[in-house]
file run-v5.txt (compact mmCIF, C-alpha atoms)
# COMPACT_ATOMS: atom_id res chain seq x y z
CA MET A 1 98.64 98.01 104.34
CA ALA A 2 101.68 98.80 102.25
CA ASP A 3 104.08 95.95 101.59
CA LEU A 4 107.13 96.46 103.83
CA THR A 5 109.04 93.41 102.62
CA SER A 6 112.70 94.32 102.48
CA ASP A 7 115.55 92.99 100.36
CA PHE A 8 118.75 94.54 101.64
CA ILE A 9 121.85 93.33 99.74
CA GLY A 10 120.07 90.05 99.12
CA ILE A 11 119.06 89.61 102.77
CA LYS A 12 115.28 89.35 102.92
CA SER A 13 113.12 90.32 105.89
CA PRO A 14 109.39 90.99 106.35
CA ASN A 15 110.07 94.64 107.19
CA PRO A 16 113.06 97.03 107.17
CA PHE A 17 113.26 97.29 110.97
CA TRP A 18 116.29 95.51 112.41
CA LEU A 19 117.75 95.52 115.90
CA ALA A 20 121.30 96.85 116.05
CA SER A 21 124.18 94.93 117.56
CA ALA A 22 123.87 95.74 121.26
CA PRO A 23 122.67 94.29 124.60
CA PRO A 24 119.15 93.57 123.19
CA THR A 25 120.70 91.05 120.73
CA ASP A 26 123.18 89.41 123.08
CA LYS A 27 121.46 86.06 123.50
CA GLU A 28 118.88 83.68 122.09
CA TYR A 29 116.24 84.58 124.69
CA ASN A 30 116.23 88.24 123.68
CA VAL A 31 116.32 87.61 119.94
CA ARG A 32 113.42 85.17 120.04
CA ARG A 33 111.36 87.71 121.96
CA ALA A 34 112.28 90.35 119.40
CA PHE A 35 111.20 88.18 116.47
CA ALA A 36 107.97 87.28 118.26
CA ALA A 37 107.27 91.01 118.64
CA GLY A 38 107.67 91.54 114.89
CA TRP A 39 111.22 92.72 114.20
CA GLY A 40 112.32 92.00 110.66
CA GLY A 41 115.92 91.26 111.55
CA VAL A 42 118.67 91.49 114.13
CA VAL A 43 122.38 92.06 114.14
CA TRP A 44 123.69 89.73 116.85
CA LYS A 45 125.80 91.46 119.48
CA THR A 46 129.45 91.61 118.46
CA LEU A 47 131.40 88.38 118.72
CA GLY A 48 135.14 88.23 119.28
CA SER A 49 137.66 85.57 118.41
CA GLU A 50 138.79 82.79 120.70
CA GLY A 51 141.52 84.05 122.97
CA PRO A 52 141.75 86.25 126.08
CA PRO A 53 138.30 86.46 127.66
CA ILE A 54 136.20 89.59 127.40
CA VAL A 55 135.59 91.01 130.87
CA ASN A 56 132.91 93.68 131.30
CA VAL A 57 132.59 95.88 134.38
CA ASN A 58 130.26 94.71 137.14
CA GLY A 59 129.18 98.23 138.00
CA PRO A 60 127.09 100.78 136.12
CA ARG A 61 127.55 100.55 132.35
CA TYR A 62 125.29 103.39 131.23
CA GLY A 63 125.16 107.14 131.65
CA ALA A 64 122.20 109.19 130.43
CA ILE A 65 120.96 112.58 129.30
CA TRP A 66 117.30 113.38 130.02
CA GLY A 67 114.85 116.00 128.85
CA ALA A 68 112.89 118.18 131.23
CA ASP A 69 110.23 115.47 131.57
CA ARG A 70 112.96 112.84 132.20
CA ARG A 71 112.47 111.43 128.74
CA LEU A 72 115.67 109.65 127.76
CA LEU A 73 117.42 111.68 125.07
CA GLY A 74 120.84 110.05 125.03
CA LEU A 75 122.52 106.99 126.46
CA ASN A 76 126.22 106.54 127.03
CA ASN A 77 127.57 103.00 127.40
CA ILE A 78 130.94 101.57 128.41
CA GLU A 79 130.00 97.96 127.70
CA LEU A 80 132.34 95.83 125.61
CA ILE A 81 131.47 93.18 123.02
CA THR A 82 129.80 89.98 124.22
CA ASP A 83 131.45 88.37 127.20
CA ARG A 84 129.63 85.10 126.61
CA PRO A 85 131.65 82.16 125.20
CA LEU A 86 131.96 82.13 121.42
CA GLU A 87 130.67 78.57 121.10
CA VAL A 88 127.55 79.45 123.11
CA ASN A 89 126.75 82.40 120.88
CA LEU A 90 127.32 80.38 117.71
CA ARG A 91 125.06 77.58 118.93
CA GLU A 92 122.28 80.02 119.79
CA ILE A 93 122.59 81.86 116.45
CA LYS A 94 122.18 78.57 114.60
CA SER A 95 119.18 77.62 116.73
CA VAL A 96 117.40 80.94 116.16
CA LYS A 97 118.07 80.97 112.41
CA ARG A 98 116.71 77.45 112.07
CA ASP A 99 113.38 78.55 113.56
CA TYR A 100 113.15 81.98 111.89
CA LYS A 101 114.20 81.44 108.31
CA ASP A 102 112.14 84.42 107.12
CA ARG A 103 113.98 86.89 109.38
CA ALA A 104 117.32 88.55 108.77
CA LEU A 105 120.06 87.41 111.13
CA VAL A 106 123.41 89.14 110.72
CA VAL A 107 126.38 88.58 113.02
CA SER A 108 128.54 91.47 114.19
CA LEU A 109 132.26 90.71 114.40
CA MET A 110 135.28 92.42 115.95
CA VAL A 111 138.58 90.54 116.05
CA PRO A 112 142.29 91.51 115.95
CA CYS A 113 143.52 93.08 112.74
CA ASP A 114 145.15 90.04 111.14
CA GLU A 115 143.80 87.88 108.33
CA GLU A 116 144.00 84.55 110.16
CA SER A 117 141.79 85.79 113.01
CA TRP A 118 139.17 86.89 110.50
CA LYS A 119 139.36 83.67 108.49
CA ALA A 120 138.88 81.59 111.62
CA ILE A 121 135.80 83.36 112.93
CA LEU A 122 134.20 83.62 109.48
CA ARG A 123 134.27 79.82 109.17
CA HIS A 124 132.44 79.52 112.48
CA VAL A 125 129.79 82.07 111.49
CA GLU A 126 129.16 80.43 108.11
CA ASP A 127 128.37 77.18 109.92
CA THR A 128 125.46 78.90 111.71
CA GLU A 129 123.75 79.71 108.36
CA ALA A 130 123.49 83.36 109.36
CA ASP A 131 122.55 85.72 106.54
CA GLY A 132 125.62 87.93 106.70
CA VAL A 133 128.24 89.66 108.83
CA GLU A 134 128.65 93.21 110.04
CA LEU A 135 132.21 94.37 110.72
CA ASN A 136 132.31 96.44 113.90
CA PHE A 137 134.79 99.19 113.05
CA GLY A 138 133.13 101.71 115.32
CA CYS A 139 133.23 100.91 119.03
CA PRO A 140 134.78 104.08 120.52
CA HIS A 141 135.69 102.86 123.99
CA GLY A 142 136.66 99.19 123.83
CA MET A 143 139.75 97.24 122.85
CA ALA A 144 141.72 99.69 120.79
CA GLU A 145 144.69 98.09 122.57
CA ARG A 146 143.95 94.93 120.57
CA GLY A 147 143.68 96.79 117.29
CA MET A 148 139.88 96.62 117.15
CA GLY A 149 136.84 98.90 117.06
CA SER A 150 137.28 102.55 116.10
CA ALA A 151 141.06 102.03 116.04
CA VAL A 152 140.35 100.32 112.70
CA GLY A 153 137.40 102.46 111.65
CA GLN A 154 139.42 105.67 111.82
CA VAL A 155 142.00 104.42 109.31
CA PRO A 156 140.55 103.99 105.81
CA GLU A 157 143.45 101.77 104.73
CA TYR A 158 142.65 99.30 107.51
CA ILE A 159 138.95 99.33 106.62
CA GLU A 160 139.74 98.48 103.02
CA MET A 161 142.23 95.78 104.00
CA VAL A 162 140.00 93.96 106.51
CA THR A 163 136.93 94.23 104.29
CA ARG A 164 138.90 92.63 101.47
CA TRP A 165 139.97 89.80 103.79
CA VAL A 166 136.34 89.16 104.71
CA LYS A 167 135.15 89.15 101.11
CA GLN A 168 137.98 86.84 100.04
CA ASN A 169 137.38 84.38 102.85
CA SER A 170 133.58 84.26 103.06
CA ARG A 171 130.54 83.77 100.87
CA MET A 172 128.38 85.92 103.18
CA PRO A 173 127.23 89.47 102.45
CA CYS A 174 129.42 91.95 104.32
CA ILE A 175 128.21 95.16 106.00
CA VAL A 176 130.87 97.57 107.29
CA LYS A 177 129.78 99.50 110.39
CA LEU A 178 131.34 102.97 110.43
CA THR A 179 132.41 105.15 113.32
CA PRO A 180 131.19 108.77 113.48
CA ASN A 181 134.34 109.71 115.40
CA ILE A 182 136.06 110.95 112.27
CA SER A 183 136.26 114.25 110.41
CA ASP A 184 134.83 113.10 107.05
CA ILE A 185 132.53 110.07 106.96
CA ARG A 186 132.89 109.76 103.20
CA ARG A 187 136.50 108.55 103.39
CA PRO A 188 135.85 105.33 105.41
CA ALA A 189 132.76 104.62 103.29
CA GLU A 190 134.84 104.89 100.14
CA ALA A 191 137.43 102.56 101.68
CA ALA A 192 134.74 100.01 102.50
CA LYS A 193 133.51 100.12 98.93
CA ARG A 194 137.02 99.66 97.56
CA GLY A 195 137.42 96.64 99.81
CA GLY A 196 134.31 95.07 98.33
CA ALA A 197 131.76 95.76 101.07
CA ASP A 198 128.19 94.96 100.12
CA ALA A 199 126.91 97.79 102.34
CA VAL A 200 127.80 100.15 105.15
CA SER A 201 125.91 100.77 108.37
CA LEU A 202 126.11 103.95 110.41
CA ILE A 203 126.42 105.52 112.78
CA ASN A 204 128.10 103.64 115.56
CA THR A 205 128.19 105.41 118.91
CA ILE A 206 129.80 108.81 119.46
CA ASN A 207 132.71 109.27 121.85
CA SER A 208 131.29 110.97 124.93
CA ILE A 209 131.13 111.72 128.61
CA THR A 210 127.54 112.40 129.59
CA GLY A 211 128.17 113.89 133.01
CA VAL A 212 130.46 114.36 135.99
CA ASN A 213 129.69 113.40 139.58
CA LEU A 214 130.29 116.67 141.43
CA ASP A 215 130.69 114.95 144.81
CA ASP A 216 133.25 112.36 143.77
CA PHE A 217 134.59 114.32 140.77
CA SER A 218 134.44 111.38 138.41
CA PRO A 219 132.79 110.91 135.02
CA GLU A 220 129.51 109.00 135.03
CA PRO A 221 128.97 106.07 135.03
CA MET A 222 131.46 105.73 137.87
CA ILE A 223 133.29 102.50 138.69
CA ASP A 224 134.99 102.59 142.09
CA GLY A 225 135.71 106.29 141.86
CA LYS A 226 136.83 106.32 138.22
CA GLY A 227 135.06 106.83 134.91
CA THR A 228 135.84 106.66 131.21
CA HIS A 229 134.52 107.91 127.90
CA GLY A 230 131.83 105.77 126.31
CA GLY A 231 129.62 105.50 123.26
CA TYR A 232 126.69 107.95 122.95
CA CYS A 233 123.46 106.92 121.23
CA GLY A 234 119.73 107.61 121.30
CA PRO A 235 117.45 110.37 119.94
CA ALA A 236 120.09 113.05 120.55
CA VAL A 237 122.43 111.61 117.90
CA LYS A 238 119.83 111.36 115.14
CA PRO A 239 120.72 114.70 113.44
CA ILE A 240 124.38 113.66 113.25
CA ALA A 241 123.44 110.26 111.86
CA LEU A 242 121.08 111.70 109.24
CA ASN A 243 123.78 114.04 107.97
CA MET A 244 126.36 111.27 107.69
CA VAL A 245 123.96 108.95 105.89
CA ALA A 246 123.13 111.74 103.44
CA GLU A 247 126.81 112.53 102.86
CA ILE A 248 127.47 108.95 101.78
CA ALA A 249 124.28 108.71 99.72
CA ARG A 250 125.09 111.82 97.68
CA ASN A 251 128.81 111.21 97.33
CA PRO A 252 129.61 110.19 93.72
CA ALA A 253 132.40 107.90 94.96
CA THR A 254 129.92 105.84 97.00
CA HIS A 255 126.93 106.17 94.69
CA GLY A 256 124.82 103.03 94.85
CA LEU A 257 126.46 101.68 98.01
CA PRO A 258 123.61 100.33 100.18
CA ILE A 259 123.26 101.93 103.62
CA SER A 260 121.77 100.62 106.85
CA GLY A 261 120.77 103.64 108.91
CA ILE A 262 121.46 103.75 112.65
CA GLY A 263 121.20 106.51 115.23
CA GLY A 264 118.24 107.56 117.33
CA VAL A 265 115.51 105.73 115.42
CA THR A 266 112.54 105.72 117.80
CA THR A 267 109.44 106.08 115.61
CA TRP A 268 108.35 105.23 112.08
CA ARG A 269 108.95 108.87 111.13
CA ASP A 270 112.59 108.59 112.15
CA ALA A 271 112.91 105.47 110.01
CA ALA A 272 111.23 107.16 107.05
CA GLU A 273 113.64 110.11 107.29
CA PHE A 274 116.67 107.81 107.25
CA MET A 275 115.27 105.93 104.27
CA ALA A 276 114.42 109.13 102.39
CA LEU A 277 118.08 110.11 102.80
CA GLY A 278 119.29 106.87 101.27
CA ALA A 279 119.11 104.12 103.90
CA GLY A 280 117.76 100.80 102.65
CA ASN A 281 116.74 99.79 106.16
CA VAL A 282 117.25 100.95 109.75
CA GLN A 283 118.68 99.48 112.92
CA VAL A 284 117.34 100.30 116.38
CA CYS A 285 118.88 99.98 119.83
CA THR A 286 118.24 102.70 122.43
CA ALA A 287 114.51 102.87 121.74
CA VAL A 288 113.98 99.21 122.60
CA MET A 289 116.19 99.57 125.66
CA THR A 290 113.83 102.35 126.72
CA TYR A 291 110.41 101.04 125.68
CA GLY A 292 110.77 97.33 124.91
CA PHE A 293 110.55 95.23 121.75
CA LYS A 294 106.90 95.91 120.97
CA ILE A 295 107.59 99.43 119.72
CA VAL A 296 108.22 97.81 116.34
CA GLN A 297 104.48 97.32 115.94
CA GLU A 298 103.93 101.09 115.89
CA MET A 299 106.81 101.44 113.46
CA ILE A 300 105.29 98.87 111.10
CA SER A 301 101.78 100.30 111.17
CA GLY A 302 102.98 103.91 110.97
CA LEU A 303 105.29 103.38 108.00
CA SER A 304 102.66 101.31 106.21
CA GLN A 305 100.04 104.03 106.66
CA TYR A 306 102.47 106.71 105.52
CA LEU A 307 103.34 104.82 102.32
CA ASP A 308 99.65 104.21 101.64
CA ASP A 309 98.84 107.89 102.13
CA LYS A 310 101.68 108.89 99.79
CA GLU A 311 100.71 106.14 97.35
CA ILE A 312 104.31 105.01 97.04
CA GLY A 313 106.13 101.77 97.74
CA LEU A 314 108.97 101.15 100.16
CA ASN A 315 111.59 101.25 97.41
CA ASP A 316 110.16 104.57 96.16
CA LEU A 317 110.91 106.10 99.56
CA ILE A 318 114.56 105.06 99.65
CA GLY A 319 116.75 107.97 98.58
CA ARG A 320 113.84 110.23 97.65
CA ALA A 321 115.25 113.22 99.56
CA VAL A 322 118.86 112.81 98.42
CA PRO A 323 118.54 115.08 95.32
CA ASN A 324 117.34 117.87 97.60
CA VAL A 325 120.41 117.73 99.85
CA THR A 326 122.85 120.37 98.64
CA ASP A 327 125.65 122.63 99.83
CA TRP A 328 125.01 126.10 101.26
CA GLN A 329 126.31 128.00 98.24
CA TYR A 330 123.64 126.45 96.04
CA LEU A 331 120.68 127.61 98.13
CA ASN A 332 118.26 130.07 96.54
CA LEU A 333 119.04 133.46 98.09
CA ASN A 334 116.03 135.01 96.34
CA TYR A 335 113.63 132.84 98.34
CA VAL A 336 112.08 135.05 101.04
CA THR A 337 109.78 134.22 103.93
CA LYS A 338 108.50 136.14 106.93
CA ALA A 339 107.31 134.96 110.34
CA GLN A 340 103.59 135.08 110.99
CA ILE A 341 101.92 134.72 114.40
CA ASP A 342 98.47 133.15 114.71
CA GLN A 343 96.86 135.32 117.36
CA ASP A 344 94.16 132.74 118.06
CA SER A 345 96.80 130.15 119.02
CA CYS A 346 99.15 132.51 120.86
CA ILE A 347 99.23 131.95 124.64
CA LYS A 348 101.13 135.22 125.21
CA CYS A 349 104.09 133.55 126.91
CA GLY A 350 106.54 135.95 125.27
CA ARG A 351 109.21 133.42 124.40
CA CYS A 352 109.35 134.56 120.78
CA TYR A 353 109.75 138.18 121.85
CA ALA A 354 112.50 137.44 124.40
CA ALA A 355 114.45 135.26 122.00
CA CYS A 356 114.21 137.68 119.10
CA GLU A 357 114.78 140.84 121.15
CA ASP A 358 117.77 139.53 123.10
CA THR A 359 119.49 137.21 120.65
CA SER A 360 118.24 137.81 117.14
CA HIS A 361 116.97 140.73 115.01
CA GLN A 362 114.48 142.63 117.21
CA ALA A 363 111.74 141.75 114.73
CA ILE A 364 108.89 141.02 117.17
CA ALA A 365 106.94 143.78 118.87
CA MET A 366 105.04 143.49 122.15
CA SER A 367 102.07 145.74 122.83
CA PRO A 368 101.11 146.91 126.36
CA ASP A 369 98.45 144.19 126.50
CA ARG A 370 101.00 141.50 125.42
CA VAL A 371 99.98 141.07 121.82
CA PHE A 372 103.00 139.98 119.82
CA SER A 373 103.43 140.93 116.17
CA VAL A 374 106.17 140.60 113.57
CA LYS A 375 107.99 143.66 112.25
CA ASP A 376 108.37 142.58 108.65
CA GLU A 377 111.05 145.14 107.84
CA ASP A 378 113.34 143.61 110.48
CA CYS A 379 112.44 139.92 110.12
CA VAL A 380 115.15 137.90 108.34
CA ALA A 381 113.19 134.64 108.59
CA CYS A 382 115.76 132.96 110.82
CA ASN A 383 113.05 130.65 112.25
CA LEU A 384 114.19 131.05 115.87
CA CYS A 385 110.74 132.20 116.99
CA VAL A 386 109.16 129.11 115.43
CA ASN A 387 111.55 126.83 117.30
CA VAL A 388 111.16 128.42 120.74
CA CYS A 389 107.38 128.76 120.58
CA PRO A 390 105.72 126.12 122.81
CA VAL A 391 102.55 126.00 120.66
CA ASP A 392 102.78 123.93 117.50
CA ASN A 393 102.05 125.94 114.34
CA CYS A 394 101.34 129.14 116.26
CA ILE A 395 104.22 130.81 114.42
CA THR A 396 104.83 129.85 110.80
CA MET A 397 107.09 131.06 108.03
CA VAL A 398 105.10 132.39 105.08
CA LYS A 399 106.67 132.59 101.63
CA LEU A 400 106.45 136.01 100.03
CA PRO A 401 105.18 136.31 96.46
CA LYS A 402 107.77 136.86 93.78
CA GLY A 403 108.89 140.46 93.52
CA LYS A 404 111.88 142.72 93.85
CA VAL A 405 114.02 142.00 96.89
CA ASP A 406 116.82 144.04 98.46
CA PRO A 407 119.82 141.68 98.03
CA ARG A 408 121.51 143.08 101.14
CA THR A 409 118.70 142.40 103.56
CA GLY A 410 116.26 140.15 101.74
CA THR A 411 113.58 142.78 102.41
CA PRO A 412 110.85 143.11 99.75
CA VAL A 413 110.78 146.42 97.92
CA GLY A 414 108.49 148.02 95.37
CA ASP A 415 105.16 146.20 95.11
CA TYR A 416 105.85 144.11 98.22
CA ALA A 417 107.44 146.69 100.47
CA ASN A 418 104.31 146.91 102.61
CA TRP A 419 103.85 143.16 103.11
CA THR A 420 101.78 143.67 106.25
CA THR A 421 98.86 145.00 104.18
CA HIS A 422 99.62 143.28 100.87
CA PRO A 423 96.60 141.37 99.46
CA ASN A 424 98.68 138.20 99.08
CA ASN A 425 99.54 138.17 102.77
CA PRO A 426 97.32 135.60 104.56
CA SER A 427 97.26 137.79 107.67
CA ALA A 428 96.04 140.78 105.66
CA GLN A 429 93.38 138.65 104.01
CA ALA A 430 92.19 137.41 107.40
CA ALA A 431 92.05 140.99 108.70
CA GLU A 432 89.84 142.04 105.83
call {"tool": "encode", "arguments": {"input": "run-v5.txt", "output": "C-alpha cells"}}
result
Amino acid sequence: MADLTSDFIGIKSPNPFWLASAPPTDKEYNVRRAFAAGWGGVVWKTLGSEGPPIVNVNGPRYGAIWGADRRLLGLNNIELITDRPLEVNLREIKSVKRDYKDRALVVSLMVPCDEESWKAILRHVEDTEADGVELNFGCPHGMAERGMGSAVGQVPEYIEMVTRWVKQNSRMPCIVKLTPNISDIRRPAEAAKRGGADAVSLINTINSITGVNLDDFSPEPMIDGKGTHGGYCGPAVKPIALNMVAEIARNPATHGLPISGIGGVTTWRDAAEFMALGAGNVQVCTAVMTYGFKIVQEMISGLSQYLDDKEIGLNDLIGRAVPNVTDWQYLNLNYVTKAQIDQDSCIKCGRCYAACEDTSHQAIAMSPDRVFSVKDEDCVACNLCVNVCPVDNCITMVKLPKGKVDPRTGTPVGDYANWTTHPNNPSAQAAE
C-alpha cells in the first residue's frame, strides 16, 4: 500500500485524514475512539477563554437536508463552542497526546479579540503539548457579540492582527480557519499569511436556514417556537469548498501557503480531489456524524490503492490539478464535443429528451418507438443530458476530430459537417 504518512506544517500523522473541530472531537472519550479507528489527527473542539460560561441550547441543535433516499446531504448546526470547563478540556488533551504521540492533535481556539485573552489561553494550550492551534475565525452563528467567530473572519485586518498575536506569543504552528461567508476568500487568506500563519483551513460552515416548520412558522431546528440561522456543512457544500481551496492555491499572493481542506469530505475520492486542488490534508466532520469513525478505514485503503494505481506518492497528488484551474476567458473555444447515446444502455426513460426539448437546445430526437438520438447540428455539448440521465455512461460527450468549426455555433463544417456518418465517429464505426 502507498505510504500515506503526512507532514503538514511540521505536524506529522500516519495519514492525512483529520477530524475537524466539532462535536466528534469534544472530549477524550470520542478522540480516543477516533484514534483507535485509525484517524491520523484531530482538531479538538473549539475552546474559549475563562470567563462567562458557554451555554448551549437543550433542544434540537441540527437541521438537515436529505436526498430522495433520505441520504444526508447537508447538516445545519446551531451549536456553540465547547461548553465543558476549560481545565477539563486541557487535562483531557494532555492525556490523549501523552498516549498518542504519533497522531496529530491540534486545538481550536476562539476567544475575545484582545491580545491578553489570546496570550492567556495559548499558555494553557502549550502546557498540554498539543501539536498546534487552529484559530476559529469562521463560526457563523455564535458569539459575534463577543467579537469572535466570523465577526473576526470577515475582516481581513482583524485576521492579520490576531494571527500576529498568536505567532508572537506561541511556539506552536498556527492554522487559521476561514469563513466562507465572504465575497472573496483570497482576501482573508492573504491576511492570514501576512500575519504569519503557518497554514489556513477551509471552509468553515456556511450561514444557512435549512427549512421552515410550516405549522409553527419557525426556522428549523426550532427552540420553543423560535429558530436561528446556523452553520451548513456536509456533502452539499463540497463544490463551494473545492472552489475556495483552488482560489487560494492558485492565487500568487498566497502561493505556497499550506491548506487543510474541509467541506463535505465523505470518501477517499473527495479527499483526493481536495488534495489535487492544493490541500495538504483534509478534515472531516459530517461524514463521521453520519456513519461513525470507522469510515476512515475505507478512506485509507481507497487513497492508498488510488496512489498505487497512479504510481504516484501522496506529495505528488497535492496541487496536481491547480495548473488546470483557469478563468473562463482562457478556455479553448475551438474544442468541440457532441453528445452520444449508447442504445444498448438506454432504458428509454426520456429524461434526456424532456430536459433538452424543454430547457435546452432541442438537440435530442425521439422516434415513435422511443429511440432517442442526438441531432448533431443542434447539439452545443452543454452536458445537461449526461447529468440528468439515470444510467451511468449511457450518454457521453465525444470529442470531434480537428477540423473547421463555425465560430458562431461551434458546429463542424467542411469535412466534419456530417459527423453522424463520419468515419471517426465511434457511433458510425459501430454501425458499420
call {"tool": "residues_around", "arguments": {"input": "run-v5.txt", "residues": "Ala272 of chain A", "least_positions_apart": "3", "cutoff": "8 Å", "atoms": "only C-alpha atoms", "output": "list in words"}}
result
Trp268, Arg269, Met275, Ala276, Leu303 and Leu317 of chain A
call {"tool": "closest_residue", "arguments": {"input": "run-v5.txt", "among": "A:Ala120, A:Val31, A:Val388, A:Leu277", "to": "Tyr100 of chain A", "atoms": "only C-alpha atoms"}}
result
A:Val31
call {"tool": "residues_around", "arguments": {"input": "run-v5.txt", "residues": "segment 190-198 of chain A", "least_positions_apart": "5", "cutoff": "10 Å", "atoms": "all atoms listed in the file", "output": "PyMOL selection string"}}
result
chain A and resi 8-10+132+134-135+153+155-168+172-178+185+248+251-255+257-259
call {"tool": "axis_aligned_box", "arguments": {"input": "run-v5.txt", "around": "segment 246-250 of chain A", "padding_each_side": "6 Å", "output": "JSON"}}
result
{"center_x": 125.3, "center_y": 110.6, "center_z": 100.6, "size_x": 16.3, "size_y": 15.8, "size_z": 17.8}
call {"tool": "residues_around", "arguments": {"input": "run-v5.txt", "residues": "Asp309 of chain A", "least_positions_apart": "5", "cutoff": "12 Å", "atoms": "all atoms listed in the file", "output": "number ranges by chain"}}
result
A: 1-2, 302-304
call {"tool": "closest_residue", "arguments": {"input": "run-v5.txt", "among": "A:Met222, A:Val371, A:Cys349, A:Val325", "to": "Val391 of chain A", "atoms": "only C-alpha atoms"}}
result
A:Cys349
call {"tool": "closest_residue", "arguments": {"input": "run-v5.txt", "among": "A:Gly264, A:Pro52, A:Gly278, A:Gly59", "to": "Asn324 of chain A", "atoms": "all atoms listed in the file"}}
result
A:Gly278
call {"tool": "atom_distance", "arguments": {"input": "run-v5.txt", "atom1": "atom CA of Gly211 of chain A", "atom2": "atom CA of Pro235 of chain A"}}
result
17.3 Å
call {"tool": "residues_around", "arguments": {"input": "run-v5.txt", "residues": "Asn281 of chain A", "least_positions_apart": "6", "cutoff": "7 Å", "atoms": "only C-alpha atoms", "output": "ChimeraX atom specification"}}
result
/A:16-17,260-261,275
call {"tool": "closest_residue", "arguments": {"input": "run-v5.txt", "among": "A:Gln343, A:Asn181, A:Ser360, A:Ser21", "to": "Ile395 of chain A", "atoms": "all atoms listed in the file"}}
result
A:Gln343
call {"tool": "closest_residue", "arguments": {"input": "run-v5.txt", "among": "A:Gly350, A:Pro85, A:Pro239, A:Gly227", "to": "Asp26 of chain A", "atoms": "all atoms listed in the file"}}
result
A:Pro85
call {"tool": "atom_distance", "arguments": {"input": "run-v5.txt", "atom1": "atom CA of Glu79 of chain A", "atom2": "atom CA of Asn56 of chain A"}}
result
6.3 Å
call {"tool": "build_atoms", "arguments": {"input": "run-v5.txt", "residues": "segment 326-343 of chain A", "atoms": "N, CA and C atoms", "output": "PDB file, keeping the file's coordinate frame"}}
result
ATOM      1  N   THR A 326     121.857 119.623  99.416  1.00  0.00           N
ATOM      2  CA  THR A 326     122.850 120.370  98.640  1.00  0.00           C
ATOM      3  C   THR A 326     123.801 121.079  99.591  1.00  0.00           C
ATOM      4  N   ASP A 327     124.730 121.839  99.029  1.00  0.00           N
ATOM      5  CA  ASP A 327     125.650 122.630  99.830  1.00  0.00           C
ATOM      6  C   ASP A 327     125.138 124.070  99.918  1.00  0.00           C
ATOM      7  N   TRP A 328     125.579 124.785 100.953  1.00  0.00           N
ATOM      8  CA  TRP A 328     125.010 126.100 101.260  1.00  0.00           C
ATOM      9  C   TRP A 328     125.054 127.035 100.064  1.00  0.00           C
ATOM     10  N   GLN A 329     126.157 127.016  99.312  1.00  0.00           N
ATOM     11  CA  GLN A 329     126.310 128.000  98.240  1.00  0.00           C
ATOM     12  C   GLN A 329     125.314 127.820  97.104  1.00  0.00           C
ATOM     13  N   TYR A 330     124.617 126.686  97.097  1.00  0.00           N
ATOM     14  CA  TYR A 330     123.640 126.450  96.040  1.00  0.00           C
ATOM     15  C   TYR A 330     122.208 126.758  96.472  1.00  0.00           C
ATOM     16  N   LEU A 331     122.024 127.256  97.678  1.00  0.00           N
ATOM     17  CA  LEU A 331     120.680 127.610  98.130  1.00  0.00           C
ATOM     18  C   LEU A 331     120.192 128.872  97.411  1.00  0.00           C
ATOM     19  N   ASN A 332     118.874 128.951  97.257  1.00  0.00           N
ATOM     20  CA  ASN A 332     118.260 130.070  96.540  1.00  0.00           C
ATOM     21  C   ASN A 332     118.168 131.293  97.462  1.00  0.00           C
ATOM     22  N   LEU A 333     119.027 132.279  97.240  1.00  0.00           N
ATOM     23  CA  LEU A 333     119.040 133.460  98.090  1.00  0.00           C
ATOM     24  C   LEU A 333     117.930 134.445  97.747  1.00  0.00           C
ATOM     25  N   ASN A 334     117.179 134.174  96.697  1.00  0.00           N
ATOM     26  CA  ASN A 334     116.030 135.010  96.340  1.00  0.00           C
ATOM     27  C   ASN A 334     114.723 134.493  96.950  1.00  0.00           C
ATOM     28  N   TYR A 335     114.811 133.392  97.672  1.00  0.00           N
ATOM     29  CA  TYR A 335     113.630 132.840  98.340  1.00  0.00           C
ATOM     30  C   TYR A 335     113.452 133.569  99.663  1.00  0.00           C
ATOM     31  N   VAL A 336     112.294 134.208  99.869  1.00  0.00           N
ATOM     32  CA  VAL A 336     112.080 135.050 101.040  1.00  0.00           C
ATOM     33  C   VAL A 336     110.814 134.633 101.781  1.00  0.00           C
ATOM     34  N   THR A 337     110.939 134.473 103.085  1.00  0.00           N
ATOM     35  CA  THR A 337     109.780 134.220 103.930  1.00  0.00           C
ATOM     36  C   THR A 337     109.772 135.212 105.083  1.00  0.00           C
ATOM     37  N   LYS A 338     108.637 135.306 105.741  1.00  0.00           N
ATOM     38  CA  LYS A 338     108.500 136.140 106.930  1.00  0.00           C
ATOM     39  C   LYS A 338     107.727 135.357 107.991  1.00  0.00           C
ATOM     40  N   ALA A 339     108.046 135.608 109.246  1.00  0.00           N
ATOM     41  CA  ALA A 339     107.310 134.960 110.340  1.00  0.00           C
ATOM     42  C   ALA A 339     105.899 135.532 110.420  1.00  0.00           C
ATOM     43  N   GLN A 340     104.978 134.665 110.821  1.00  0.00           N
ATOM     44  CA  GLN A 340     103.590 135.080 110.990  1.00  0.00           C
ATOM     45  C   GLN A 340     103.038 134.433 112.255  1.00  0.00           C
ATOM     46  N   ILE A 341     102.432 135.214 113.124  1.00  0.00           N
ATOM     47  CA  ILE A 341     101.920 134.720 114.400  1.00  0.00           C
ATOM     48  C   ILE A 341     100.406 134.577 114.324  1.00  0.00           C
ATOM     49  N   ASP A 342      99.915 133.402 114.645  1.00  0.00           N
ATOM     50  CA  ASP A 342      98.470 133.150 114.710  1.00  0.00           C
ATOM     51  C   ASP A 342      97.975 133.626 116.079  1.00  0.00           C
ATOM     52  N   GLN A 343      97.277 134.741 116.092  1.00  0.00           N
ATOM     53  CA  GLN A 343      96.860 135.320 117.360  1.00  0.00           C
ATOM     54  C   GLN A 343      95.877 134.437 118.118  1.00  0.00           C
TER      55      GLN A 343
END
